[in-house]
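All remarks here apply to the structure that follows.
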Amino acid sequence: MRAVVQRVKQASVSVNDSIISQIGRGILVLIGLSRRDTENDMEYMVRKILNIRLFPSQDGIRRWDKSVKDLNLEILCVSQFTLYSELKGNKLDFIMLWIRNYRKIFIHS
């Protein structure tokens with residue numbers, strides 16, 4: 001499992017000019033799942049995303065002091081399958097991607 005985490009003031013996902021999901025202040029997580037990922041990997045990643053200290057303290061003295069959970073902020077997760085692509089020559093290879101049906105089962109469980 002791979003994730004790219006970005007602090008945001010606001011973020012949204014849109015398809016054909018229609019907003020699918022949006023958040024205010026919080027974090028945007030681009031997440032890629034691989035064939036080797038387990039339920040334990042998912043639980044680990046959720047804990048890390050909730051507790052990573054990306055926000056400053058209330059007084060502004062400590063720059064990386066608070067988590068999204070501490071501040072009760074929002075999280076927008078976006079599937080990003082290209083995080084597991086490999087560049088072989090001039091062609092992308094997606095062999096490590098998780099099979100679509102298994103990914104749906106994993107996410108909804």
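In the structure tokens, chains take letters A, B, ... by order of appearance, with residues numbered from 1 within each chain and ligands from 1 in the order shown.
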
Inset, instruction - Quick one: everything within 10 Å of Ile31 of chain A, counting only C-alpha atoms, minus sequence neighbours fewer than 3 positions away in the same chain. Send it as a ChimeraX atom specification. - result: /A:1-5,28,45,77-84

Keeping only C-alpha atoms, take the residues you just selected and write them out as a short mmCIF file (atom, residue, chain, number, x, y, z; two decimals), in the first residue's frame.
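Below is the file part.cif, written as the result:
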```
data_model
loop_
_atom_site.label_atom_id
_atom_site.label_comp_id
_atom_site.auth_asym_id
_atom_site.auth_seq_id
_atom_site.Cartn_x
_atom_site.Cartn_y
_atom_site.Cartn_z
CA MET A 1 0.00 0.00 0.00
CA ARG A 2 1.28 3.44 -0.89
CA ALA A 3 -0.11 6.82 0.04
CA VAL A 4 0.69 10.42 -0.77
CA VAL A 5 -0.61 12.79 1.91
CA LEU A 28 -5.99 14.77 0.76
CA MET A 45 -2.25 2.92 7.03
CA CYS A 77 -9.15 9.69 -0.01
CA VAL A 78 -8.70 9.24 -3.75
CA SER A 79 -7.75 5.97 -5.43
CA GLN A 80 -4.51 6.47 -7.36
CA PHE A 81 -3.56 3.23 -9.06
CA THR A 82 -0.53 4.78 -10.77
CA LEU A 83 1.31 4.74 -7.42
CA TYR A 84 2.03 1.07 -8.15
#
```

With only C-alpha atoms as the counted atoms, please give the residues lying no more than 12 Å from Val68 of chain A, apart from itself and same-chain residues fewer than 5 positions off, as an mmCIF file with N, CA and C atoms, in the first residue's frame.
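Resulting contents of result05.cif:
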```cif
data_model
loop_
_atom_site.group_PDB
_atom_site.id
_atom_site.type_symbol
_atom_site.label_atom_id
_atom_site.label_comp_id
_atom_site.auth_asym_id
_atom_site.auth_seq_id
_atom_site.Cartn_x
_atom_site.Cartn_y
_atom_site.Cartn_z
ATOM 1 N N VAL A 5 0.233 11.991 1.033
ATOM 2 C CA VAL A 5 -0.613 12.793 1.913
ATOM 3 C C VAL A 5 -0.273 14.269 1.720
ATOM 4 N N GLN A 6 -1.306 15.090 1.550
ATOM 5 C CA GLN A 6 -1.120 16.526 1.327
ATOM 6 C C GLN A 6 -2.067 17.316 2.220
ATOM 7 N N ARG A 7 -1.533 18.280 2.962
ATOM 8 C CA ARG A 7 -2.398 19.204 3.705
ATOM 9 C C ARG A 7 -3.141 20.079 2.711
ATOM 10 N N VAL A 8 -4.413 20.353 3.001
ATOM 11 C CA VAL A 8 -5.200 21.199 2.095
ATOM 12 C C VAL A 8 -6.079 22.165 2.884
ATOM 13 N N GLY A 24 -13.279 20.595 3.437
ATOM 14 C CA GLY A 24 -12.667 21.860 3.823
ATOM 15 C C GLY A 24 -11.235 21.577 4.259
ATOM 16 N N ARG A 25 -10.789 22.231 5.313
ATOM 17 C CA ARG A 25 -9.424 22.053 5.817
ATOM 18 C C ARG A 25 -9.214 20.614 6.279
ATOM 19 N N GLY A 26 -8.076 20.052 5.894
ATOM 20 C CA GLY A 26 -7.758 18.685 6.285
ATOM 21 C C GLY A 26 -6.635 18.133 5.444
ATOM 22 N N ILE A 27 -6.770 16.861 5.058
ATOM 23 C CA ILE A 27 -5.745 16.236 4.227
ATOM 24 C C ILE A 27 -6.379 15.496 3.053
ATOM 25 N N LEU A 28 -5.650 15.526 1.948
ATOM 26 C CA LEU A 28 -5.986 14.767 0.755
ATOM 27 C C LEU A 28 -5.031 13.587 0.720
ATOM 28 N N VAL A 29 -5.568 12.380 0.558
ATOM 29 C CA VAL A 29 -4.743 11.175 0.516
ATOM 30 C C VAL A 29 -4.951 10.484 -0.820
ATOM 31 N N VAL A 46 -4.453 3.369 7.985
ATOM 32 C CA VAL A 46 -5.501 4.219 8.565
ATOM 33 C C VAL A 46 -4.981 4.890 9.834
ATOM 34 N N ARG A 47 -4.319 4.122 10.703
ATOM 35 C CA ARG A 47 -3.748 4.701 11.935
ATOM 36 C C ARG A 47 -2.749 5.808 11.602
ATOM 37 N N LYS A 48 -1.878 5.545 10.627
ATOM 38 C CA LYS A 48 -0.862 6.529 10.251
ATOM 39 C C LYS A 48 -1.496 7.800 9.697
ATOM 40 N N ILE A 49 -2.486 7.638 8.812
ATOM 41 C CA ILE A 49 -3.146 8.796 8.208
ATOM 42 C C ILE A 49 -3.853 9.630 9.275
ATOM 43 N N LEU A 50 -4.526 8.986 10.200
ATOM 44 C CA LEU A 50 -5.241 9.709 11.257
ATOM 45 C C LEU A 50 -4.307 10.416 12.232
ATOM 46 N N ASN A 51 -3.117 9.858 12.457
ATOM 47 C CA ASN A 51 -2.245 10.356 13.516
ATOM 48 C C ASN A 51 -0.995 11.086 13.050
ATOM 49 N N ILE A 52 -0.748 11.155 11.741
ATOM 50 C CA ILE A 52 0.439 11.860 11.259
ATOM 51 C C ILE A 52 0.327 13.341 11.630
ATOM 52 N N ARG A 53 1.387 13.886 12.185
ATOM 53 C CA ARG A 53 1.366 15.272 12.677
ATOM 54 C C ARG A 53 1.809 16.221 11.561
ATOM 55 N N LEU A 54 0.834 16.825 10.931
ATOM 56 C CA LEU A 54 1.088 17.706 9.794
ATOM 57 C C LEU A 54 0.728 19.163 10.060
ATOM 58 N N PHE A 55 0.103 19.432 11.192
ATOM 59 C CA PHE A 55 -0.429 20.770 11.449
ATOM 60 C C PHE A 55 0.275 21.412 12.643
ATOM 61 N N PRO A 56 0.395 22.732 12.633
ATOM 62 C CA PRO A 56 1.084 23.429 13.725
ATOM 63 C C PRO A 56 0.265 23.441 15.014
ATOM 64 N N SER A 57 0.966 23.665 16.117
ATOM 65 C CA SER A 57 0.292 23.806 17.410
ATOM 66 C C SER A 57 -0.566 25.066 17.388
ATOM 67 N N LEU A 73 -10.345 17.427 11.738
ATOM 68 C CA LEU A 73 -10.411 17.932 10.373
ATOM 69 C C LEU A 73 -10.919 16.846 9.431
ATOM 70 N N GLU A 74 -11.015 17.185 8.152
ATOM 71 C CA GLU A 74 -11.574 16.266 7.168
ATOM 72 C C GLU A 74 -10.482 15.548 6.378
ATOM 73 N N ILE A 75 -10.851 14.393 5.820
ATOM 74 C CA ILE A 75 -9.945 13.593 4.994
ATOM 75 C C ILE A 75 -10.667 13.239 3.704
ATOM 76 N N LEU A 76 -9.976 13.437 2.587
ATOM 77 C CA LEU A 76 -10.494 13.022 1.289
ATOM 78 C C LEU A 76 -9.522 12.000 0.723
#
```

Inset, instruction - From a DSSP pass on the backbone, collect the residues of chain A flagged as alpha helix (DSSP H) and hand them back as number ranges by chain. - result: A: 39-51, 100-108

Inset, instruction - Run DSSP on the backbone and grab whatever in segment 3-73 of chain A lands in strand (DSSP E); send it over as a ChimeraX atom specification. - result: /A:3-8,11-15,18-23,26-32,53-55,66-67

May I have the selected residues written with C-alpha atoms, as a PDB file, in the first residue's frame?
```pdb
ATOM      1  CA  ALA A   3      -0.107   6.822   0.038  1.00  0.00           C
ATOM      2  CA  VAL A   4       0.689  10.423  -0.771  1.00  0.00           C
ATOM      3  CA  VAL A   5      -0.613  12.793   1.913  1.00  0.00           C
ATOM      4  CA  GLN A   6      -1.120  16.526   1.327  1.00  0.00           C
ATOM      5  CA  ARG A   7      -2.398  19.204   3.705  1.00  0.00           C
ATOM      6  CA  VAL A   8      -5.200  21.199   2.095  1.00  0.00           C
ATOM      7  CA  ALA A  11     -10.100  19.802  -1.895  1.00  0.00           C
ATOM      8  CA  SER A  12     -12.595  18.190  -4.209  1.00  0.00           C
ATOM      9  CA  VAL A  13     -12.973  15.395  -6.735  1.00  0.00           C
ATOM     10  CA  SER A  14     -15.028  16.097  -9.828  1.00  0.00           C
ATOM     11  CA  VAL A  15     -16.052  14.032 -12.838  1.00  0.00           C
ATOM     12  CA  SER A  18     -19.774  17.449 -11.353  1.00  0.00           C
ATOM     13  CA  ILE A  19     -18.326  17.446  -7.820  1.00  0.00           C
ATOM     14  CA  ILE A  20     -18.277  13.902  -6.435  1.00  0.00           C
ATOM     15  CA  SER A  21     -16.779  14.729  -3.033  1.00  0.00           C
ATOM     16  CA  GLN A  22     -15.275  17.742  -1.307  1.00  0.00           C
ATOM     17  CA  ILE A  23     -13.732  18.732   2.005  1.00  0.00           C
ATOM     18  CA  GLY A  26      -7.758  18.685   6.285  1.00  0.00           C
ATOM     19  CA  ILE A  27      -5.745  16.236   4.227  1.00  0.00           C
ATOM     20  CA  LEU A  28      -5.986  14.767   0.755  1.00  0.00           C
ATOM     21  CA  VAL A  29      -4.743  11.175   0.516  1.00  0.00           C
ATOM     22  CA  LEU A  30      -3.885   9.588  -2.820  1.00  0.00           C
ATOM     23  CA  ILE A  31      -3.854   5.861  -2.112  1.00  0.00           C
ATOM     24  CA  GLY A  32      -2.724   2.874  -4.138  1.00  0.00           C
ATOM     25  CA  ARG A  53       1.366  15.272  12.677  1.00  0.00           C
ATOM     26  CA  LEU A  54       1.088  17.706   9.794  1.00  0.00           C
ATOM     27  CA  PHE A  55      -0.429  20.770  11.449  1.00  0.00           C
ATOM     28  CA  LYS A  66      -1.191  18.219  15.551  1.00  0.00           C
ATOM     29  CA  SER A  67      -2.871  15.504  13.517  1.00  0.00           C
TER      30      SER A  67
END
```
